[in-house]
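Colleague: Structure in structure tokens, see below.
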Amino acid sequence: MKRNRSWTTMSTAVLVLMLASCLEPSLGEGDGGKVGTKPNFLLFMVDDLGMGDVGCFGNTSIRTPNIDRIAKNGVKLTQHLAASAVCTPSRAAFLTGRYPIRSGMAPSGQMRVIPFLASPGGLPANETTFATILKQAGYDTALVGKWHQGVSCSNRNDFCHHPLNHGFNHFYGLPLGNVRDCGINAGTVMRTKPAEQVISIVIAITVLLLSVAFLKLYGVVYYNWRSYCNFVGLWVGLILLGFFFLRSFRTLNCVLMRNKDVVEQPFNLETLTPRFTEEAVSFLRERKDVPFLLYVAYSKVHTALATAERFRGKSQHGSYGDNVEEMDWSVGEIMKTLDELGLTENTFVYLSSDNGGHIEEVSAKGEVHGGWNGIYKGGKAQGGMEGGIRVPTVLQWPGKLPAGSQISEPTSQMDVFTTVVELANQKVPQDRVIDGKNIWPLLTGQETVSPHEFLFHYCGTWIHAARYRPRQGNSTWKVHFTTPNWTPGTMGCFDTLVCYCYDGYVTHHDPPLLYDIAQDPTEDNLIEISSDKTYQDIVRSIKSGVDAHRRSVSPAPNQFAPSKVMFVPWLQQCCNLPYCSCQEETRGARS
């Protein structure tokens with residue numbers, strides 16, 4: 001009898017364990033997998049990659065086998081949208097799951113990115129990133145690559161905007177970013193229409209001062225020579241200071257950091273991607289036994305364009321194609337490391353671009369250095385145009401996401417915040433508005449309609465367009481309230497290098513332009529609103545959604561105010577004052 005009781009007790013225990021196992025919630029319900037197992041997260045962000053630059057999105061001449069493999073093994077999103085068409089606000093939204101205007105990261109003038117390493121603006125310390133939440137949950141978090149969310153506020157050592165102050169345990173990369181000036185003989189971002197206007201003003205004032213001096217000599221006007229000379233001396237000093245700053249832009253701003261230390265100034269752009277790759281691979285090897293979040297944010301394919309020698313001249317599209325292919329190689333090396341370490345089955349992988357291709361990027365020699373946005377109109381910096389905000393995006397998680405699937409529903413990069421946080425079995429902040437949605441049910445096929453009824457497309461602080469996805473039917477409606485004034489015969493603003501968002505550079509539409517973006521992604525077939533009451537109701541619903549959204553936005557300190565984007569000398573990071581010049585030790589991946 002004792003033996004039978006023992007067997008009965010054992011059988012009951014096994015049955016209870018089996019039932020408990022069956023009742024355990026699935027990953028699709030957001031618990032992150034098996035009991036005691038936390039999923040890993042590998043997030044790739046490319047800079048300025050266009051929808052038409054990747055093989056799985058239709059390109060047949062640039063080789064991207066590694067990105068294509070992620071799509072083949074997982075999910076391709078064909079209507080994935082950046083919250084801004086330029087990098088600083090776009091990345092702020094990606095990191096926080098919030099429209100940039102909520103954090104003060106929406107610019108209202110010509111300057112739409114953090115311009116200098118020593119600018120005091122940046123992602124406010126009270127904003128919460130997905131890295132902050134996962135770090136608190138026991139994850140090892142790392143950023144390899146471009147940050148561009150500011151560094152310091154009041155002094156060079158407060159690091160109030162730095163990645164280590166926003167949830168990352170490790171940082172190796174660019175606190176600012178890569179621009180033309182960072183390359184060798186790659187030109188300068190200062191050669192734009194606004195810069196030319198400043199130069200014209202300087203010349204005009206100089207001519208005026210010389211004219212006044214001649215008038216004094218001939219007795220036409222009278223003033224104190226000493227006061228005049230003091231003013232001229234100050235003016236010449238300002239000109240020389242400006243000239244020195246422009247000549248030193250590369251040294252001061254093209255900086256590579258490890259955590260809070262500058263390790264290379266200016267950085268060697270040709271070896272940067274191999275070094276990012278080596279850093280990411282090393283992180284994976286060292287953290288293979290702990291849950292991790294690795295965010296790899298490439299400086300490619302933003303200008304200036306440069307690659308390691310083995311990629312030079314290999315593509316069919318010049319320097320731009322070479323850079324896309326080197327970036328794809330890097331993705332492949334990191335993904336291969338996941339496989340080698342046996343981490344693939346427990347890692348959520350996401351790859352996207354911070355905005356669309358920069359179609360105005362053409363070198364002095366006439367070579368196209370910007371991306372291709374496929375069938376979509378416009379490009380980078382055009383906040384309401386598909387070419388500026390619709391970005392190539394692929395995801396992978398073997399066994400969790402259906403291989404080879406495609407989703408055409410509207411989704412946002414802000415959704416990554418909420419999705420990652422909930423997959424890690426954490427909660428999104430309740431003390432602020434979070435605009436990102438959990439798209440896991442959509443990715444897995446549990447849902448077939450986007451969780452977003454409305455998405456708003458900002459250009460700076462202005463809403464230029466909006467999307468409306470009704471809960472029934474297959475249409476996604478888009479209205480344009482404002483569109484950019486393109487250079488005639490193009491879809492860009494070549495005089496200013498980027499399109500601006502405000503009056504004088506845009507056209508306002510009343511009534512707005514209406515398209516069914518699901519059926520007409522190229523926006524070639526404008527719908528006549530007055531032809532059908534249904535269309536009038538659609539526009540009315542969108543305007544109502546816009547009004548409700550605006551009411552939900554609370555004022556936030558503007559991180560692009562003049563005082564926030566100006567150069568502040570005492571905020572300058574420097575590896576060896578006063579020279580500000582150093583080179584990182586040679587590493588194996590640099591050849």
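Identifiers in this document derive from the order of the structure tokens: chains are assigned A, B, ..., residues are numbered from 1 separately in each chain, and ligands are numbered from 1 in order of occurrence.
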Within region 495-565 of chain A, find each residue whose DSSP state, derived from the backbone, is alpha helix (DSSP H), and express the selection as number ranges by chain.

Modeller: A: 533-552, 562-565

Colleague: Take the residues just selected and output them with N, CA, C and O atoms as a short mmCIF file (atom, residue, chain, number, x, y, z; two decimals), in the first residue's frame.

Modeller:
data_model
loop_
_atom_site.label_atom_id
_atom_site.label_comp_id
_atom_site.auth_asym_id
_atom_site.auth_seq_id
_atom_site.Cartn_x
_atom_site.Cartn_y
_atom_site.Cartn_z
N LYS A 533 -19.28 62.13 -50.35
CA LYS A 533 -19.36 62.47 -48.93
C LYS A 533 -18.48 61.56 -48.09
O LYS A 533 -17.99 61.95 -47.02
N THR A 534 -18.28 60.32 -48.56
CA THR A 534 -17.43 59.39 -47.84
C THR A 534 -16.03 59.97 -47.64
O THR A 534 -15.44 59.88 -46.56
N TYR A 535 -15.50 60.59 -48.69
CA TYR A 535 -14.16 61.18 -48.59
C TYR A 535 -14.15 62.37 -47.64
O TYR A 535 -13.18 62.59 -46.90
N GLN A 536 -15.21 63.13 -47.64
CA GLN A 536 -15.31 64.26 -46.72
C GLN A 536 -15.32 63.77 -45.27
O GLN A 536 -14.70 64.37 -44.39
N ASP A 537 -16.01 62.66 -45.04
CA ASP A 537 -16.05 62.08 -43.69
C ASP A 537 -14.67 61.57 -43.27
O ASP A 537 -14.29 61.69 -42.10
N ILE A 538 -13.94 61.01 -44.23
CA ILE A 538 -12.60 60.51 -43.94
C ILE A 538 -11.69 61.66 -43.51
O ILE A 538 -10.99 61.58 -42.50
N VAL A 539 -11.72 62.74 -44.28
CA VAL A 539 -10.90 63.91 -43.95
C VAL A 539 -11.31 64.49 -42.60
O VAL A 539 -10.46 64.87 -41.78
N ARG A 540 -12.62 64.52 -42.34
CA ARG A 540 -13.11 65.03 -41.07
C ARG A 540 -12.60 64.16 -39.91
O ARG A 540 -12.19 64.68 -38.85
N SER A 541 -12.58 62.84 -40.10
CA SER A 541 -12.08 61.93 -39.06
C SER A 541 -10.59 62.15 -38.80
O SER A 541 -10.14 62.15 -37.65
N ILE A 542 -9.84 62.35 -39.88
CA ILE A 542 -8.40 62.58 -39.72
C ILE A 542 -8.13 63.89 -39.00
O ILE A 542 -7.30 63.95 -38.08
N LYS A 543 -8.85 64.94 -39.37
CA LYS A 543 -8.67 66.23 -38.69
C LYS A 543 -9.03 66.12 -37.22
O LYS A 543 -8.37 66.72 -36.36
N SER A 544 -10.07 65.35 -36.91
CA SER A 544 -10.45 65.13 -35.52
C SER A 544 -9.35 64.39 -34.76
O SER A 544 -9.03 64.73 -33.62
N GLY A 545 -8.74 63.39 -35.43
CA GLY A 545 -7.62 62.67 -34.81
C GLY A 545 -6.43 63.57 -34.58
O GLY A 545 -5.76 63.47 -33.54
N VAL A 546 -6.14 64.45 -35.53
CA VAL A 546 -5.04 65.40 -35.37
C VAL A 546 -5.29 66.33 -34.20
O VAL A 546 -4.40 66.59 -33.37
N ASP A 547 -6.51 66.84 -34.10
CA ASP A 547 -6.85 67.75 -33.00
C ASP A 547 -6.70 67.05 -31.65
O ASP A 547 -6.18 67.64 -30.69
N ALA A 548 -7.16 65.81 -31.55
CA ALA A 548 -7.05 65.06 -30.30
C ALA A 548 -5.58 64.82 -29.95
O ALA A 548 -5.17 64.93 -28.77
N HIS A 549 -4.78 64.52 -30.96
CA HIS A 549 -3.35 64.32 -30.72
C HIS A 549 -2.70 65.60 -30.22
O HIS A 549 -1.92 65.57 -29.24
N ARG A 550 -3.00 66.71 -30.85
CA ARG A 550 -2.40 67.98 -30.44
C ARG A 550 -2.75 68.32 -29.00
O ARG A 550 -1.92 68.86 -28.25
N ARG A 551 -3.98 68.01 -28.59
CA ARG A 551 -4.38 68.28 -27.21
C ARG A 551 -3.60 67.43 -26.22
O ARG A 551 -3.46 67.78 -25.04
N SER A 552 -3.09 66.29 -26.69
CA SER A 552 -2.36 65.39 -25.80
C SER A 552 -0.90 65.78 -25.63
O SER A 552 -0.19 65.20 -24.80
N PRO A 562 18.03 78.27 -30.14
CA PRO A 562 19.39 78.75 -30.44
C PRO A 562 20.40 78.49 -29.34
O PRO A 562 21.55 78.13 -29.61
N SER A 563 19.98 78.65 -28.10
CA SER A 563 20.91 78.44 -26.98
C SER A 563 21.28 76.97 -26.80
O SER A 563 22.28 76.65 -26.15
N LYS A 564 20.48 76.08 -27.40
CA LYS A 564 20.72 74.64 -27.27
C LYS A 564 21.57 74.07 -28.41
O LYS A 564 22.17 73.00 -28.25
N VAL A 565 21.57 74.74 -29.55
CA VAL A 565 22.31 74.20 -30.69
C VAL A 565 23.61 74.96 -30.96
O VAL A 565 24.41 74.55 -31.81
#

Colleague: Write out as a list of chain:residue names each polymer residue whose atoms come within 7 Å of His464 (chain A), counting only C-alpha atoms; drop sequence neighbours fewer than 2 positions from it.

Modeller: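 The contact residues come out as A:Gly383, A:Gly384, A:His457, A:Tyr458, A:Cys459, A:Trp462, A:His480, A:Phe481, A:Thr482, A:Thr483.
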
Colleague: Could you name the residues that touch Leu293 (chain A) at 7 Å or less, counting only C-alpha atoms, but leaving out those on the same chain fewer than 5 positions away, as a ChimeraX atom specification?

Modeller: /A:40-42,139-142

Colleague: Assign secondary structure with DSSP using the backbone only, and return the residues of region 273-487 of chain A in strand (DSSP E or B) as number ranges by chain.

Modeller: A: 292-297, 347-353, 362, 368, 390, 393-396, 405-407, 411-412, 454-459, 462-468, 477-484

Colleague: Could you tell me how far CA of Tyr298 (chain A) lies from CA of Leu284 (chain A), in Å and to one decimal?

Modeller: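 CA of Leu284 (chain A) lies at a distance of 17.0 Å from CA of Tyr298 (chain A).
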
Colleague: Report as an MDAnalysis selection string all protein, DNA and RNA residues lying within 8 Å of region 74-90 of chain A, evaluated on only C-alpha atoms, omitting residues in the same chain fewer than 4 positions from it.

Modeller: chainID A and resid 47 70 94 99:100 105:106 112:114 148:149 354:356 379:383 388:398 401:414 443 456:460

Colleague: Env of Ala125 (chain A): 12 Å cut, atoms = only C-alpha atoms, seq-sep filter 3 positions within chain, self excluded. Answer as a PyMOL selection string.

Modeller: chain A and resi 96+103-104+121-122+128-129+132+149-153+158-167+557+559

Colleague: Find the distance between CA of Gln446 (chain A) and CA of Gln426 (chain A) and write it in Å to one decimal.

Modeller: 20.8 Å

Colleague: Set the distance at 12 Å and use only C-alpha atoms: which residues neighbour region 247-251 of chain A once local chain neighbours fewer than 6 positions away are removed? I'd like the list as an MDAnalysis selection string.

Modeller: chainID A and resid 115:118 176:190 240:241 262 264:269 304 567 572:576 578:583
